[in-house]
$ cat run06.txt   # compact mmCIF, C-alpha atoms and all ligand atoms
# COMPACT_ATOMS: atom_id res chain seq x y z
CA MET Y 1 31.89 -36.97 -50.27
CA ILE Y 2 29.47 -39.57 -51.49
CA GLU Y 3 27.50 -38.98 -54.67
CA THR Y 4 23.92 -39.95 -53.89
CA ARG Y 5 21.93 -38.23 -56.59
CA SER Y 6 18.40 -37.03 -56.00
CA PRO Y 7 15.96 -36.64 -58.91
CA ASN Y 8 14.30 -33.72 -57.11
CA PHE Y 9 15.58 -30.54 -58.71
CA ASP Y 10 14.98 -28.19 -61.60
CA ASP Y 11 16.76 -25.31 -63.33
CA ARG Y 12 17.72 -22.21 -61.41
CA PRO Y 13 16.09 -19.01 -62.63
CA GLU Y 14 18.29 -17.13 -65.06
CA GLY Y 15 20.13 -13.99 -64.12
CA ILE Y 16 19.81 -14.41 -60.37
CA PRO Y 17 22.91 -14.97 -58.24
CA VAL Y 18 23.30 -17.85 -55.84
CA ASP Y 19 23.84 -15.80 -52.72
CA MET Y 20 22.20 -17.65 -49.85
CA LEU Y 21 23.06 -20.70 -47.78
CA VAL Y 22 20.14 -22.36 -46.00
CA LEU Y 23 20.78 -24.86 -43.22
CA HIS Y 24 18.28 -27.49 -42.15
CA TYR Y 25 17.94 -30.49 -39.96
CA THR Y 26 16.44 -33.59 -41.52
CA GLY Y 27 13.85 -34.08 -38.76
CA MET Y 28 13.60 -37.80 -39.47
CA PRO Y 29 14.13 -40.74 -37.11
CA SER Y 30 17.25 -41.92 -38.99
CA ALA Y 31 19.77 -40.80 -41.57
CA LYS Y 32 18.69 -43.64 -43.85
CA ALA Y 33 15.06 -42.54 -43.76
CA ALA Y 34 16.10 -38.96 -44.45
CA LEU Y 35 18.27 -39.90 -47.41
CA GLU Y 36 15.50 -42.04 -48.89
CA ARG Y 37 13.03 -39.20 -48.59
CA LEU Y 38 15.43 -36.66 -50.13
CA CYS Y 39 15.85 -38.99 -53.12
CA ASP Y 40 12.22 -40.08 -53.45
CA PRO Y 41 10.60 -38.57 -56.56
CA ALA Y 42 7.21 -38.72 -54.85
CA ALA Y 43 8.39 -36.63 -51.89
CA LYS Y 44 9.45 -33.74 -54.13
CA VAL Y 45 12.01 -32.53 -51.59
CA SER Y 46 15.78 -32.36 -51.78
CA ALA Y 47 18.82 -30.36 -50.79
CA HIS Y 48 22.21 -29.98 -52.39
CA TYR Y 49 23.91 -31.83 -49.56
CA MET Y 50 23.14 -33.95 -46.53
CA ILE Y 51 25.68 -34.32 -43.73
CA ASP Y 52 25.50 -37.34 -41.50
CA GLU Y 53 26.25 -37.14 -37.80
CA ASP Y 54 29.63 -38.79 -38.41
CA GLY Y 55 30.57 -36.10 -40.93
CA THR Y 56 29.86 -38.06 -44.11
CA VAL Y 57 28.73 -35.66 -46.83
CA HIS Y 58 26.22 -36.83 -49.43
CA ALA Y 59 26.08 -34.75 -52.61
CA LEU Y 60 22.47 -34.95 -53.77
CA VAL Y 61 21.91 -32.11 -56.24
CA ALA Y 62 24.45 -30.17 -58.34
CA GLU Y 63 24.92 -26.62 -57.09
CA ASP Y 64 23.94 -25.16 -60.47
CA LYS Y 65 20.49 -26.71 -60.12
CA ARG Y 66 17.63 -25.60 -57.89
CA ALA Y 67 17.05 -28.05 -55.06
CA TRP Y 68 13.71 -28.14 -53.24
CA HIS Y 69 14.37 -27.49 -49.58
CA ALA Y 70 12.98 -24.13 -48.49
CA GLY Y 71 9.34 -24.39 -49.57
CA VAL Y 72 7.26 -21.27 -49.06
CA ALA Y 73 9.87 -18.89 -47.73
CA CYS Y 74 11.08 -15.32 -47.77
CA TRP Y 75 14.37 -13.60 -46.96
CA ARG Y 76 15.15 -9.95 -47.59
CA GLY Y 77 12.06 -9.81 -49.78
CA GLU Y 78 13.16 -12.73 -51.97
CA THR Y 79 10.55 -15.47 -52.13
CA ASP Y 80 12.35 -17.83 -54.52
CA VAL Y 81 14.73 -18.89 -51.79
CA ASN Y 82 15.41 -22.21 -53.49
CA GLY Y 83 16.28 -20.37 -56.69
CA ARG Y 84 19.11 -18.44 -55.12
CA SER Y 85 20.37 -20.68 -52.37
CA VAL Y 86 22.42 -23.75 -51.65
CA GLY Y 87 20.67 -26.03 -49.16
CA ILE Y 88 22.33 -28.31 -46.64
CA GLU Y 89 20.49 -30.90 -44.54
CA LEU Y 90 22.09 -31.90 -41.25
CA VAL Y 91 21.05 -35.28 -39.98
CA ASN Y 92 19.22 -34.77 -36.68
CA PRO Y 93 15.90 -36.25 -35.53
CA GLY Y 94 14.69 -32.74 -34.82
CA HIS Y 95 12.12 -31.50 -32.35
CA GLU Y 96 9.65 -34.17 -33.37
CA PHE Y 97 11.80 -37.29 -32.98
CA GLY Y 98 14.35 -36.47 -30.28
CA TYR Y 99 16.26 -33.26 -30.90
CA ARG Y 100 19.91 -33.60 -29.92
CA PRO Y 101 23.18 -31.68 -30.26
CA PHE Y 102 24.97 -31.67 -33.59
CA PRO Y 103 28.16 -33.72 -33.12
CA GLU Y 104 31.62 -32.23 -33.60
CA ALA Y 105 32.37 -34.38 -36.67
CA GLN Y 106 29.18 -33.18 -38.34
CA MET Y 107 29.98 -29.54 -37.57
CA ALA Y 108 33.56 -29.92 -38.82
CA ALA Y 109 32.28 -31.35 -42.10
CA LEU Y 110 29.79 -28.50 -42.36
CA VAL Y 111 32.48 -25.86 -41.81
CA GLU Y 112 34.59 -27.36 -44.58
CA LEU Y 113 31.68 -27.76 -47.01
CA ALA Y 114 30.22 -24.33 -46.30
CA GLY Y 115 33.64 -22.74 -46.73
CA ASP Y 116 33.90 -24.32 -50.18
CA ILE Y 117 30.38 -23.19 -51.08
CA LEU Y 118 31.12 -19.61 -50.00
CA SER Y 119 34.26 -19.57 -52.12
CA ARG Y 120 32.19 -20.61 -55.14
CA HIS Y 121 29.22 -18.37 -54.32
CA PRO Y 122 30.25 -15.19 -52.51
CA MET Y 123 27.39 -13.89 -50.38
CA PRO Y 124 26.69 -11.44 -47.58
CA PRO Y 125 27.25 -13.20 -44.24
CA GLY Y 126 23.69 -12.32 -43.25
CA ASN Y 127 22.48 -14.61 -46.03
CA VAL Y 128 23.73 -17.68 -44.18
CA VAL Y 129 20.45 -18.64 -42.56
CA GLY Y 130 18.41 -21.43 -41.07
CA HIS Y 131 15.20 -22.77 -42.51
CA ALA Y 132 13.34 -21.22 -39.57
CA ASP Y 133 14.78 -17.81 -40.46
CA VAL Y 134 13.24 -17.92 -43.93
CA ALA Y 135 9.99 -19.65 -42.91
CA PRO Y 136 9.44 -18.56 -39.29
CA ALA Y 137 5.74 -19.40 -39.12
CA ARG Y 138 6.31 -22.99 -40.33
CA LYS Y 139 9.78 -24.20 -39.39
CA GLN Y 140 12.08 -24.60 -36.39
CA ASP Y 141 15.20 -26.05 -38.01
CA PRO Y 142 18.09 -26.28 -37.51
CA GLY Y 143 17.04 -24.98 -34.09
CA GLU Y 144 18.51 -23.70 -30.88
CA LEU Y 145 21.06 -26.52 -30.44
CA PHE Y 146 22.79 -25.58 -33.66
CA ASP Y 147 26.09 -23.79 -33.04
CA TRP Y 148 25.70 -20.63 -35.11
CA GLN Y 149 28.27 -18.92 -32.91
CA GLY Y 150 30.90 -21.55 -33.70
CA LEU Y 151 30.04 -21.37 -37.36
CA ALA Y 152 30.49 -17.59 -37.35
CA ALA Y 153 33.81 -18.01 -35.56
CA ALA Y 154 34.85 -20.17 -38.52
CA GLY Y 155 33.97 -17.31 -40.87
CA ILE Y 156 30.53 -18.53 -41.91
CA GLY Y 157 27.56 -16.33 -41.11
CA LEU Y 158 27.16 -13.73 -38.40
CA TRP Y 159 27.06 -13.70 -34.64
CA PRO Y 160 26.32 -10.48 -32.78
CA GLU Y 161 29.05 -9.16 -30.52
CA ALA Y 162 28.11 -9.39 -26.86
CA SER Y 163 26.07 -6.26 -26.79
CA VAL Y 164 25.26 -3.78 -24.12
CA LYS Y 165 21.90 -4.69 -22.69
CA THR Y 166 19.90 -1.62 -23.44
CA LYS Y 167 17.48 -0.37 -20.88
CA GLU Y 168 15.16 1.28 -23.33
CA ALA Y 169 11.83 -0.31 -23.87
CA PRO Y 170 11.88 -2.34 -27.04
CA GLY Y 171 9.38 -1.12 -29.55
CA ASP Y 172 10.43 -1.49 -33.09
CA ALA Y 173 11.61 -5.08 -32.95
CA ALA Y 174 9.44 -6.03 -35.91
CA ASN Y 175 10.90 -3.17 -37.87
CA LEU Y 176 14.45 -4.26 -37.10
CA LEU Y 177 13.65 -7.90 -37.89
CA ALA Y 178 12.34 -6.82 -41.28
CA ARG Y 179 15.46 -4.76 -41.91
CA TYR Y 180 17.62 -7.77 -41.15
CA GLY Y 181 15.65 -9.93 -43.57
CA TYR Y 182 12.81 -11.61 -41.72
CA ASP Y 183 9.31 -11.90 -43.07
CA ILE Y 184 7.30 -10.26 -40.28
CA SER Y 185 3.82 -11.17 -41.46
CA ASP Y 186 3.71 -13.21 -38.23
CA PRO Y 187 5.79 -10.95 -35.94
CA ALA Y 188 5.82 -13.31 -32.95
CA ALA Y 189 7.05 -16.18 -35.11
CA ALA Y 190 9.81 -13.95 -36.49
CA VAL Y 191 10.96 -13.07 -32.95
CA ILE Y 192 11.08 -16.76 -32.03
CA ALA Y 193 13.03 -17.65 -35.18
CA PHE Y 194 15.49 -14.85 -34.43
CA GLN Y 195 15.95 -16.07 -30.86
CA ARG Y 196 16.49 -19.68 -31.97
CA HIS Y 197 19.32 -18.40 -34.14
CA PHE Y 198 20.86 -15.58 -32.12
CA ARG Y 199 19.70 -16.01 -28.52
CA PRO Y 200 19.27 -19.72 -27.97
CA GLY Y 201 19.36 -19.36 -24.18
CA ARG Y 202 15.87 -17.93 -24.02
CA ILE Y 203 13.35 -18.49 -26.78
CA ASP Y 204 10.20 -16.89 -25.49
CA GLY Y 205 9.02 -14.74 -28.37
CA ALA Y 206 9.30 -11.62 -26.23
CA ALA Y 207 10.91 -8.77 -28.12
CA ASP Y 208 12.80 -7.69 -25.01
CA ALA Y 209 15.68 -5.26 -24.73
CA GLU Y 210 18.34 -7.95 -25.21
CA THR Y 211 16.66 -9.23 -28.37
CA VAL Y 212 16.49 -5.71 -29.73
CA SER Y 213 20.09 -4.95 -28.84
CA LEU Y 214 21.27 -8.15 -30.56
CA LEU Y 215 19.36 -7.09 -33.65
CA GLN Y 216 20.93 -3.66 -33.50
CA ALA Y 217 24.38 -5.22 -33.17
CA LEU Y 218 23.75 -7.32 -36.29
CA LEU Y 219 22.47 -4.35 -38.24
CA GLY Y 220 25.53 -2.37 -37.25
ZN ZN Z 301 14.25 -27.50 -43.23

$ encode --input "run06.txt" --output "structure tokens"
Amino acid sequence: MIETRSPNFDDRPEGIPVDMLVLHYTGMPSAKAALERLCDPAAKVSAHYMIDEDGTVHALVAEDKRAWHAGVACWRGETDVNGRSVGIELVNPGHEFGYRPFPEAQMAALVELAGDILSRHPMPPGNVVGHADVAPARKQDPGELFDWQGLAAAGIGLWPEASVKTKEAPGDAANLLARYGYDISDPAAAVIAFQRHFRPGRIDGAADAETVSLLQALLG
């Protein structure tokens, strides 16, 4: 763990638990550029941690402070996502600069760090989310190459059990997405964000039977 302090933070709101973990990719051409931006006072962005592709963890903001990573966001009706979350940036060029798989060393470091965070801040597993989950109309990160299934297998977050593919016509996908936590003011964007997270094999925005059955499996 390398202490690389960012000036971009403020106080957390009082009386609100830290009960979310938000994962991002940096979406910058290099790790160096990303780190500089996350520590640049003019950029006004930060996260609590950044994990390099080789597994190096940079600690940027203390967990008891509010880092500025989620922007305009909403999860389970909570709009101050920064106020109640810990944010982790994973170095990856992202969809704009050459999206690529997250290396094993980076994922191993994430599993260890996230496990520590969850021990300090107990939270419902459904509150381990990606930036796209909390800002579906604006964001894609960490995206469909991120191994949410592997993370869930390590005890961090949720992955729906291989579900029976229902034959019923979907219908209330938006309703189910809202129940799980998504902001459905742009329903198509919410479906795409859900698929990036939970059905990375086909991200088409169609609320088909498989999408609905995965949602039902998550909702239990
Ligand atoms: Zn992000």

$ atom_distance --input "run06.txt" --atom1 "atom CA of Y:Pro125" --atom2 "atom CA of Y:Ala152"
8.8 Å

$ atom_distance --input "run06.txt" --atom1 "atom CA of Y:Leu60" --atom2 "atom CA of Y:Leu90"
12.9 Å

$ residues_near_ligand --input "run06.txt" --ligand "ligand ZN 301 (chain Z)" --cutoff "6 Å" --atoms "all atoms listed in the file" --output "ChimeraX atom specification"
/Y:24-25,131,141

$ write_last_selection --input "run06.txt" --atoms "C-alpha atoms" --output "tab-separated table (two decimals), in the frame of the given file"
chain	number	residue	atom	x	y	z
Y	24	HIS	CA	18.28	-27.49	-42.15
Y	25	TYR	CA	17.94	-30.49	-39.96
Y	131	HIS	CA	15.20	-22.77	-42.51
Y	141	ASP	CA	15.20	-26.05	-38.01

$ residues_around --input "run06.txt" --residues "stretch 94-106 of chain Y" --least-positions-apart "5" --cutoff "10 Å" --atoms "all atoms listed in the file" --output "PDB file with C-alpha atoms, in the coordinates of the input"
ATOM      1  CA  HIS Y  24      18.280 -27.490 -42.150  1.00  0.00           C
ATOM      2  CA  TYR Y  25      17.940 -30.490 -39.960  1.00  0.00           C
ATOM      3  CA  THR Y  26      16.440 -33.590 -41.520  1.00  0.00           C
ATOM      4  CA  GLY Y  27      13.850 -34.080 -38.760  1.00  0.00           C
ATOM      5  CA  MET Y  28      13.600 -37.800 -39.470  1.00  0.00           C
ATOM      6  CA  PRO Y  29      14.130 -40.740 -37.110  1.00  0.00           C
ATOM      7  CA  SER Y  30      17.250 -41.920 -38.990  1.00  0.00           C
ATOM      8  CA  ILE Y  51      25.680 -34.320 -43.730  1.00  0.00           C
ATOM      9  CA  ASP Y  52      25.500 -37.340 -41.500  1.00  0.00           C
ATOM     10  CA  GLU Y  53      26.250 -37.140 -37.800  1.00  0.00           C
ATOM     11  CA  ASP Y  54      29.630 -38.790 -38.410  1.00  0.00           C
ATOM     12  CA  GLY Y  55      30.570 -36.100 -40.930  1.00  0.00           C
ATOM     13  CA  THR Y  56      29.860 -38.060 -44.110  1.00  0.00           C
ATOM     14  CA  VAL Y  57      28.730 -35.660 -46.830  1.00  0.00           C
ATOM     15  CA  VAL Y 111      32.480 -25.860 -41.810  1.00  0.00           C
ATOM     16  CA  GLN Y 140      12.080 -24.600 -36.390  1.00  0.00           C
ATOM     17  CA  ASP Y 141      15.200 -26.050 -38.010  1.00  0.00           C
ATOM     18  CA  PRO Y 142      18.090 -26.280 -37.510  1.00  0.00           C
ATOM     19  CA  GLY Y 143      17.040 -24.980 -34.090  1.00  0.00           C
ATOM     20  CA  GLU Y 144      18.510 -23.700 -30.880  1.00  0.00           C
ATOM     21  CA  LEU Y 145      21.060 -26.520 -30.440  1.00  0.00           C
ATOM     22  CA  PHE Y 146      22.790 -25.580 -33.660  1.00  0.00           C
ATOM     23  CA  ASP Y 147      26.090 -23.790 -33.040  1.00  0.00           C
TER      24      ASP Y 147
END

$ atom_distance --input "run06.txt" --atom1 "atom CA of Y:Asn8" --atom2 "atom CA of Y:Leu23"
17.7 Å

$ residues_around --input "run06.txt" --residues "stretch 170-182 of chain Y" --least-positions-apart "4" --cutoff "7 Å" --atoms "only C-alpha atoms" --output "PyMOL selection string"
chain Y and resi 75-76+133-134+187+190+207-209+212+215+219

$ closest_residue --input "run06.txt" --among "Y:Met20, Y:Ala31, Y:Met107, Y:Ala43" --to "Y:Glu78" --atoms "all atoms listed in the file"
Y:Met20

$ residues_near_point --input "run06.txt" --point "(30.2, -20.4, -46.3)" --cutoff "8 Å" --atoms "all atoms listed in the file" --output "short mmCIF file (atom, residue, chain, number, x, y, z; two decimals) with C-alpha atoms, in the coordinates of the input"
data_model
loop_
_atom_site.label_atom_id
_atom_site.label_comp_id
_atom_site.auth_asym_id
_atom_site.auth_seq_id
_atom_site.Cartn_x
_atom_site.Cartn_y
_atom_site.Cartn_z
CA LEU Y 21 23.06 -20.70 -47.78
CA VAL Y 111 32.48 -25.86 -41.81
CA LEU Y 113 31.68 -27.76 -47.01
CA ALA Y 114 30.22 -24.33 -46.30
CA GLY Y 115 33.64 -22.74 -46.73
CA ASP Y 116 33.90 -24.32 -50.18
CA ILE Y 117 30.38 -23.19 -51.08
CA LEU Y 118 31.12 -19.61 -50.00
CA SER Y 119 34.26 -19.57 -52.12
CA VAL Y 128 23.73 -17.68 -44.18
CA GLY Y 155 33.97 -17.31 -40.87
CA ILE Y 156 30.53 -18.53 -41.91
CA GLY Y 157 27.56 -16.33 -41.11
#

$ decode --input "run06.txt" --residues "stretch 12-27 of chain Y" --atoms "N, CA and C atoms" --output "short mmCIF file (atom, residue, chain, number, x, y, z; two decimals), in the first residue's frame"
data_model
loop_
_atom_site.label_atom_id
_atom_site.label_comp_id
_atom_site.auth_asym_id
_atom_site.auth_seq_id
_atom_site.Cartn_x
_atom_site.Cartn_y
_atom_site.Cartn_z
N ARG Y 12 -17.60 13.48 5.56
CA ARG Y 12 -18.81 12.68 5.32
C ARG Y 12 -19.97 13.31 6.08
N PRO Y 13 -21.19 13.14 5.55
CA PRO Y 13 -22.35 13.64 6.30
C PRO Y 13 -22.46 12.89 7.62
N GLU Y 14 -22.95 13.58 8.64
CA GLU Y 14 -23.04 12.94 9.95
C GLU Y 14 -24.23 12.00 10.03
N GLY Y 15 -24.07 10.94 10.78
CA GLY Y 15 -25.18 10.06 11.08
C GLY Y 15 -25.59 9.13 9.96
N ILE Y 16 -24.77 9.03 8.94
CA ILE Y 16 -25.09 8.14 7.82
C ILE Y 16 -24.01 7.07 7.74
N PRO Y 17 -24.40 5.80 7.67
CA PRO Y 17 -23.39 4.74 7.65
C PRO Y 17 -22.64 4.70 6.32
N VAL Y 18 -21.43 4.19 6.39
CA VAL Y 18 -20.70 3.88 5.15
C VAL Y 18 -21.08 2.44 4.81
N ASP Y 19 -21.96 2.29 3.83
CA ASP Y 19 -22.48 0.95 3.55
C ASP Y 19 -22.56 0.65 2.06
N MET Y 20 -21.68 1.29 1.29
CA MET Y 20 -21.59 0.97 -0.14
C MET Y 20 -20.13 0.91 -0.55
N LEU Y 21 -19.87 0.07 -1.54
CA LEU Y 21 -18.55 0.01 -2.16
C LEU Y 21 -18.77 0.22 -3.66
N VAL Y 22 -18.13 1.25 -4.21
CA VAL Y 22 -18.32 1.57 -5.63
C VAL Y 22 -17.01 1.35 -6.37
N LEU Y 23 -17.08 0.50 -7.40
CA LEU Y 23 -15.89 0.18 -8.19
C LEU Y 23 -15.92 0.91 -9.53
N HIS Y 24 -14.75 1.38 -9.91
CA HIS Y 24 -14.58 2.16 -11.13
C HIS Y 24 -13.41 1.62 -11.94
N TYR Y 25 -13.37 1.99 -13.21
CA TYR Y 25 -12.08 1.99 -13.89
C TYR Y 25 -11.65 3.43 -14.09
N THR Y 26 -10.32 3.61 -14.24
CA THR Y 26 -9.82 4.98 -14.34
C THR Y 26 -10.16 5.61 -15.70
N GLY Y 27 -10.19 4.81 -16.76
CA GLY Y 27 -10.55 5.35 -18.07
C GLY Y 27 -9.56 6.38 -18.58
#
